[in-house]
>>> print(open('model.txt').read())   # compact mmCIF, C-alpha atoms
# COMPACT_ATOMS: atom_id res chain seq x y z
CA MET A 1 82.28 -67.29 56.00
CA LYS A 2 80.82 -64.04 57.31
CA ILE A 3 78.38 -64.29 60.20
CA GLY A 4 76.13 -61.46 61.31
CA ALA A 5 73.50 -60.91 63.98
CA ILE A 6 70.47 -59.00 62.73
CA ILE A 7 68.31 -57.39 65.40
CA GLN A 8 64.81 -56.56 64.17
CA ALA A 9 63.55 -53.50 66.01
CA ARG A 10 60.92 -50.80 65.62
CA TYR A 11 60.00 -47.81 67.76
CA ASP A 12 56.27 -48.39 67.47
CA SER A 13 54.63 -50.82 69.88
CA THR A 14 50.95 -51.19 70.64
CA ARG A 15 51.43 -52.06 74.29
CA LEU A 16 54.63 -50.19 75.15
CA PRO A 17 55.61 -47.51 72.60
CA GLY A 18 59.34 -46.85 72.25
CA LYS A 19 60.23 -49.87 74.35
CA VAL A 20 63.47 -50.77 72.52
CA LEU A 21 64.98 -47.42 73.54
CA LEU A 22 63.83 -47.45 77.16
CA ASN A 23 66.68 -47.45 79.67
CA LEU A 24 67.24 -50.73 81.45
CA PRO A 25 67.33 -50.53 84.38
CA PHE A 26 65.46 -47.24 84.27
CA ASN A 27 68.07 -45.40 86.38
CA GLU A 28 71.03 -46.28 84.13
CA ASN A 29 72.01 -44.86 80.76
CA GLU A 30 71.75 -47.94 78.54
CA SER A 31 68.79 -48.81 76.34
CA ILE A 32 67.22 -52.23 75.89
CA LEU A 33 68.59 -52.25 72.35
CA GLY A 34 71.99 -51.19 73.66
CA HIS A 35 72.13 -54.16 76.05
CA ILE A 36 71.46 -56.58 73.19
CA ILE A 37 74.19 -55.02 71.07
CA GLU A 38 76.67 -55.07 73.96
CA ARG A 39 76.09 -58.77 74.58
CA LEU A 40 76.33 -59.69 70.91
CA ASN A 41 79.65 -57.85 70.66
CA LYS A 42 81.06 -60.35 73.16
CA ILE A 43 80.60 -63.22 70.69
CA LYS A 44 83.88 -63.74 68.85
CA LEU A 45 82.29 -65.71 66.00
CA LEU A 46 80.18 -62.71 64.96
CA ASP A 47 81.59 -60.42 62.27
CA GLU A 48 78.75 -57.88 62.27
CA VAL A 49 75.93 -56.69 64.53
CA ILE A 50 73.21 -54.99 62.50
CA VAL A 51 69.86 -53.46 63.42
CA ALA A 52 67.08 -53.74 60.83
CA THR A 53 64.32 -51.20 61.28
CA SER A 54 61.74 -49.64 58.97
CA LYS A 55 61.76 -46.56 56.74
CA GLU A 56 58.88 -45.09 58.74
CA GLN A 57 59.51 -41.64 60.22
CA ASN A 58 58.89 -43.00 63.72
CA ASP A 59 62.00 -45.16 63.34
CA ASP A 60 64.33 -42.25 62.57
CA ILE A 61 65.03 -42.11 66.30
CA ILE A 62 66.37 -45.67 66.22
CA GLU A 63 68.79 -44.83 63.42
CA LYS A 64 70.01 -41.74 65.31
CA HIS A 65 70.49 -43.86 68.44
CA LEU A 66 72.58 -46.36 66.47
CA ILE A 67 74.70 -43.70 64.78
CA LYS A 68 75.78 -42.54 68.25
CA LYS A 69 76.73 -46.13 69.06
CA ASN A 70 78.51 -46.64 65.73
CA VAL A 71 76.24 -49.58 64.94
CA VAL A 72 75.14 -50.53 61.42
CA CYS A 73 71.48 -49.75 60.70
CA VAL A 74 69.53 -50.88 57.63
CA ARG A 75 66.00 -49.76 56.86
CA GLY A 76 63.23 -51.28 54.82
CA ASP A 77 59.52 -51.96 54.60
CA LYS A 78 57.54 -51.71 57.84
CA ASN A 79 55.71 -55.02 57.42
CA ASP A 80 58.14 -56.92 55.20
CA VAL A 81 60.68 -57.92 57.85
CA LEU A 82 62.03 -60.68 55.59
CA ASP A 83 63.00 -58.09 52.99
CA ARG A 84 64.76 -56.04 55.68
CA PHE A 85 66.86 -59.11 56.45
CA VAL A 86 67.71 -59.56 52.76
CA VAL A 87 68.72 -55.87 52.53
CA ALA A 88 71.01 -56.35 55.55
CA ILE A 89 72.45 -59.55 54.07
CA ASP A 90 73.25 -57.94 50.73
CA ALA A 91 74.62 -54.72 52.23
CA ASN A 92 76.97 -56.60 54.56
CA LYS A 93 77.70 -59.69 52.41
CA LEU A 94 76.58 -62.12 55.12
CA ASP A 95 76.68 -65.90 54.73
CA VAL A 96 74.93 -66.79 57.99
CA VAL A 97 72.42 -64.77 60.00
CA ILE A 98 71.47 -64.90 63.68
CA ARG A 99 67.96 -63.53 64.11
CA ILE A 100 67.41 -61.54 67.30
CA THR A 101 64.40 -59.42 68.31
CA GLY A 102 64.84 -55.98 69.84
CA ASP A 103 62.54 -56.56 72.82
CA ASN A 104 64.54 -59.48 74.27
CA PRO A 105 67.41 -57.87 76.24
CA ILE A 106 68.84 -61.16 77.58
CA VAL A 107 71.48 -62.69 75.30
CA LEU A 108 73.03 -65.97 76.48
CA VAL A 109 76.48 -65.54 74.99
CA ASP A 110 77.77 -69.05 75.72
CA VAL A 111 74.62 -70.73 74.40
CA LEU A 112 74.65 -68.65 71.21
CA GLU A 113 78.34 -69.29 70.54
CA ASP A 114 77.84 -73.02 70.92
CA ALA A 115 74.80 -72.97 68.62
CA ILE A 116 76.72 -71.13 65.88
CA LYS A 117 79.45 -73.77 65.98
CA LYS A 118 76.92 -76.60 65.78
CA HIS A 119 75.05 -74.93 62.92
CA ILE A 120 78.21 -74.70 60.85
CA GLN A 121 79.45 -78.19 61.74
CA ALA A 122 76.09 -79.77 60.89
CA ASN A 123 75.97 -77.98 57.51
CA VAL A 124 72.25 -77.18 57.86
CA ASP A 125 70.01 -74.43 56.52
CA TYR A 126 68.33 -73.45 59.76
CA THR A 127 68.92 -73.97 63.48
CA ARG A 128 66.32 -73.42 66.16
CA ASN A 129 66.36 -73.93 69.92
CA VAL A 130 64.04 -76.02 72.05
CA GLY A 131 63.84 -75.60 75.83
CA LEU A 132 65.25 -72.10 76.28
CA PRO A 133 63.29 -69.76 78.58
CA TYR A 134 60.87 -67.48 76.75
CA GLY A 135 62.64 -64.38 75.47
CA THR A 136 66.14 -65.88 75.39
CA SER A 137 65.87 -67.86 72.17
CA PHE A 138 67.29 -67.04 68.74
CA GLU A 139 67.45 -68.55 65.26
CA ILE A 140 70.36 -69.18 62.90
CA ILE A 141 69.69 -69.16 59.15
CA ASN A 142 71.88 -69.37 56.08
CA SER A 143 71.62 -66.18 54.06
CA ASN A 144 71.02 -67.96 50.75
CA VAL A 145 67.96 -69.63 52.27
CA LEU A 146 66.38 -66.31 53.28
CA LYS A 147 67.12 -64.84 49.85
CA ARG A 148 65.57 -67.86 48.14
CA ILE A 149 62.45 -67.64 50.30
CA SER A 150 62.14 -63.89 49.72
CA ALA A 151 62.16 -64.46 45.95
CA ASN A 152 59.20 -66.86 46.20
CA LYS A 153 56.22 -65.21 44.49
CA GLU A 154 53.72 -67.30 46.46
CA LEU A 155 54.58 -65.96 49.93
CA VAL A 156 51.73 -64.61 52.03
CA ASP A 157 52.00 -61.53 54.27
CA ALA A 158 52.70 -63.67 57.36
CA ASP A 159 55.72 -65.24 55.64
CA ARG A 160 57.22 -61.82 55.09
CA GLU A 161 56.38 -60.46 58.52
CA HIS A 162 57.69 -63.41 60.56
CA VAL A 163 60.91 -64.19 58.60
CA THR A 164 61.29 -67.90 59.43
CA ILE A 165 57.68 -69.06 59.53
CA TYR A 166 57.94 -70.31 55.93
CA ILE A 167 60.78 -72.65 56.96
CA LYS A 168 58.76 -74.01 59.87
CA ASN A 169 55.72 -74.58 57.66
CA ASN A 170 57.77 -76.31 54.93
CA ARG A 171 60.19 -78.36 56.99
CA LYS A 172 60.70 -81.04 54.36
CA ASP A 173 62.32 -78.51 52.02
CA PHE A 174 65.09 -77.52 54.44
CA ARG A 175 67.89 -79.07 56.47
CA ILE A 176 66.91 -78.20 60.04
CA LEU A 177 68.86 -78.62 63.27
CA GLU A 178 66.93 -78.50 66.54
CA LEU A 179 69.06 -77.95 69.63
CA GLU A 180 67.56 -79.36 72.81
CA HIS A 181 68.35 -77.42 75.99
CA ASN A 182 67.72 -79.11 79.30
CA PHE A 183 67.87 -76.08 81.55
CA GLU A 184 65.62 -75.93 84.60
CA HIS A 185 62.16 -74.83 83.48
CA THR A 186 60.84 -71.35 84.25
CA ASN A 187 57.68 -69.56 83.11
CA PHE A 188 59.29 -66.15 83.57
CA ARG A 189 59.03 -63.88 80.52
CA PHE A 190 62.53 -62.61 79.61
CA THR A 191 60.94 -60.24 77.11
CA ILE A 192 59.46 -56.75 77.16
CA ASP A 193 56.04 -56.38 75.60
CA TYR A 194 53.88 -54.95 78.38
CA PRO A 195 54.65 -52.29 81.04
CA THR A 196 54.67 -55.07 83.64
CA ASP A 197 57.34 -56.92 81.63
CA TYR A 198 59.45 -53.77 81.79
CA ALA A 199 58.86 -53.54 85.56
CA ALA A 200 59.95 -57.15 86.10
CA MET A 201 63.03 -56.82 83.88
CA ASN A 202 64.03 -53.63 85.71
CA ILE A 203 64.29 -55.65 88.91
CA LEU A 204 66.29 -58.38 87.21
CA PHE A 205 68.64 -55.87 85.56
CA GLN A 206 69.25 -54.08 88.85
CA HIS A 207 70.65 -57.41 90.03
CA LEU A 208 72.64 -57.99 86.83
CA SER A 209 74.05 -54.47 87.11
CA SER A 210 75.54 -55.40 90.49
CA LEU A 211 77.31 -58.27 88.68
CA ASN A 212 78.65 -55.96 85.93
CA TYR A 213 76.34 -57.85 83.55
CA ILE A 214 78.44 -60.99 83.78
CA TYR A 215 75.77 -63.68 83.70
CA ASN A 216 74.60 -66.96 82.20
CA ILE A 217 71.41 -69.03 82.42
CA ASP A 218 72.24 -70.23 85.94
CA THR A 219 72.61 -66.63 87.13
CA LEU A 220 69.11 -65.83 85.89
CA LEU A 221 67.44 -68.95 87.23
CA ASN A 222 69.08 -68.64 90.65
CA PHE A 223 67.89 -65.05 90.97
CA LEU A 224 64.32 -66.04 90.14
CA LYS A 225 64.49 -69.01 92.50
CA ASN A 226 65.58 -66.73 95.34
CA ASN A 227 63.05 -64.03 94.44
CA THR A 228 59.95 -65.95 93.42
CA TRP A 229 57.72 -62.89 93.85
CA VAL A 230 59.36 -61.27 90.79
CA GLN A 231 57.82 -63.95 88.59
CA ASN A 232 54.32 -62.85 89.63
CA ILE A 233 54.72 -59.35 88.18
CA ASN A 234 54.19 -60.30 84.55
CA LYS A 235 53.02 -63.90 84.64
CA THR A 236 49.53 -63.16 83.25
CA ASN A 237 50.81 -61.33 80.17
CA TYR A 238 49.85 -62.92 76.88
CA GLN A 239 52.23 -63.28 73.96
CA LYS A 240 50.81 -62.99 70.45
CA LYS A 241 50.94 -66.26 68.51
CA GLN A 242 50.40 -67.40 64.95
CA TYR A 243 47.89 -70.25 64.73
CA LYS A 244 47.64 -72.53 61.70
CA THR A 245 44.01 -73.53 62.25
CA LEU A 246 40.87 -72.34 64.03
CA ASN A 247 41.09 -75.35 66.34
CA ASP A 248 44.66 -74.44 67.32
CA GLU A 249 43.55 -70.90 68.11
CA LEU A 250 40.60 -72.24 70.11
CA ASN A 251 42.98 -74.40 72.17
CA GLY A 252 45.17 -71.36 72.78
CA ALA A 253 42.16 -69.33 73.93
CA ILE A 254 41.11 -72.10 76.32
CA GLU A 255 44.60 -72.32 77.79
CA LEU A 256 44.75 -68.55 78.33
CA LEU A 257 41.27 -68.23 79.81
CA ASP A 258 41.89 -71.23 82.06
CA SER A 259 45.03 -69.57 83.45
CA LEU A 260 42.89 -66.50 84.26
CA GLU A 261 40.24 -68.71 85.93
CA PHE A 262 37.41 -67.97 83.49
CA VAL A 263 35.96 -71.35 84.35
CA ARG A 264 32.53 -71.09 82.77
CA VAL A 265 33.86 -69.62 79.53
CA VAL A 266 36.42 -72.45 79.35
CA ASP A 267 33.65 -75.01 79.81
CA LEU A 268 31.65 -73.36 77.02
CA LEU A 269 34.61 -73.33 74.62
CA ASN A 270 35.40 -76.96 75.42
CA ILE A 271 31.85 -77.86 74.45
CA LYS A 272 32.26 -75.93 71.18
CA ARG A 273 35.61 -77.66 70.48
CA ARG A 274 34.12 -81.12 71.00
CA ALA A 275 31.22 -80.19 68.72
CA ASN A 276 33.68 -79.30 65.96
>>> encode(input="model.txt", output="structure tokens")
Amino acid sequence: MKIGAIIQARYDSTRLPGKVLLNLPFNENESILGHIIERLNKIKLLDEVIVATSKEQNDDIIEKHLIKKNVVCVRGDKNDVLDRFVVAIDANKLDVVIRITGDNPIVLVDVLEDAIKKHIQANVDYTRNVGLPYGTSFEIINSNVLKRISANKELVDADREHVTIYIKNNRKDFRILELEHNFEHTNFRFTIDYPTDYAAMNILFQHLSSLNYIYNIDTLLNFLKNNTWVQNINKTNYQKKQYKTLNDELNGAIELLDSLEFVRVVDLLNIKRRAN
């Protein structure tokens, strides 16, 4: 059985262009993407670490960056991320895939290793995590499942862009393992989407640098507990979500506006929701 981690990464970003190649922390010579690769290389169960980017000219810089690091890079359609995964699977003859995103520089090595073992032992199609802090999660999928989904002629654009959304929307057709993690809860965003996310992660990575990047979930949570002000830097940032229905999206809008204290707008939307 050949297991590979596929990191989906593009240079373009609406909110923070070129973020995957930004140094982290800013005064050291390692990129966000480089940190992810370095952590994944510590996992003994992984046979390959691959970056899947697009064929767009803007992403040439990612391929050049990876050539210097001697890391495998596959390229495909800008919007069809699922097809990029299939290209990577076929090119590297993978049986199992770990899906990682290039803007989440924290990789919990021990958690990921344990999840891979459980995925294989349970003989399932897909493994997801419940209860991990935002930006530290990952998914494990059997390659034949992704290839079968990709061949489905009835897929919509969202199915191809978000790789595993088809599995989540058709749960009865797949063997799914959900791993519950009971770590202490935190609202901190361990992801980089906005400039303020990058600022907050710079502070965290300055601390991790002093530890030679030897860390686990307790290391992260203890740092945040002892430096609560860091959590305020990016706490109002909003993460894009896929909503199934208008009502779900309305609930999401209410939750966001309520957190920003738009009280009268929230009251108005609540009235509209009850009317529907």
>>> closest_residue(input="model.txt", among="A:Thr186, A:Asn92, A:Asn237, A:Ser13", to="Asp47 of chain A", atoms="all atoms listed in the file")
A:Asn92
>>> residues_near_point(input="model.txt", point="(64.2, -64.5, 50.5)", cutoff="6 Å", atoms="all atoms listed in the file", output="ChimeraX atom specification")
/A:146-151
>>> residues_around(input="model.txt", residues="Asn182 of chain A", least_positions_apart="4", cutoff="12 Å", atoms="all atoms listed in the file", output="ChimeraX atom specification")
/A:111,129-133,186,217-218
>>> write_last_selection(input="model.txt", atoms="C-alpha atoms", output="CSV table (one decimal), in the frame of the given file")
chain,number,residue,atom,x,y,z
A,111,VAL,CA,74.6,-70.7,74.4
A,129,ASN,CA,66.4,-73.9,69.9
A,130,VAL,CA,64.0,-76.0,72.0
A,131,GLY,CA,63.8,-75.6,75.8
A,132,LEU,CA,65.2,-72.1,76.3
A,133,PRO,CA,63.3,-69.8,78.6
A,186,THR,CA,60.8,-71.4,84.2
A,217,ILE,CA,71.4,-69.0,82.4
A,218,ASP,CA,72.2,-70.2,85.9
>>> closest_residue(input="model.txt", among="A:Val20, A:Ile43, A:Met201, A:Ala52", to="Asp110 of chain A", atoms="only C-alpha atoms")
A:Ile43
>>> atom_distance(input="model.txt", atom1="atom CA of Asn123 of chain A", atom2="atom CA of Asp95 of chain A")
12.4 Å
>>> closest_residue(input="model.txt", among="A:Lys64, A:Lys117, A:Arg160, A:Arg15", to="Leu46 of chain A", atoms="all atoms listed in the file")
A:Lys117
>>> closest_residue(input="model.txt", among="A:Asn29, A:Asn187, A:Asn216, A:Gln121", to="Val107 of chain A", atoms="all atoms listed in the file")
A:Asn216
>>> closest_residue(input="model.txt", among="A:Ile106, A:Leu112, A:Ile140, A:Ala5", to="Leu220 of chain A", atoms="all atoms listed in the file")
A:Ile106
>>> residues_around(input="model.txt", residues="Gln8 of chain A", least_positions_apart="3", cutoff="7 Å", atoms="all atoms listed in the file", output="list in words")
Val51, Ala52, Thr53, Ile100, Thr101 and Gly102 of chain A
>>> atom_distance(input="model.txt", atom1="atom CA of Asp159 of chain A", atom2="atom CA of Phe190 of chain A")
25.1 Å
>>> closest_residue(input="model.txt", among="A:Asn270, A:Asn104, A:Asn222, A:Asn144", to="His185 of chain A", atoms="all atoms listed in the file")
A:Asn222
>>> residues_around(input="model.txt", residues="Thr164 of chain A", least_positions_apart="4", cutoff="12 Å", atoms="all atoms listed in the file", output="PyMOL selection string")
chain A and resi 81-83+85+97-100+125-128+138-143+145-147+149-150+155+158-160+168-171+174+176
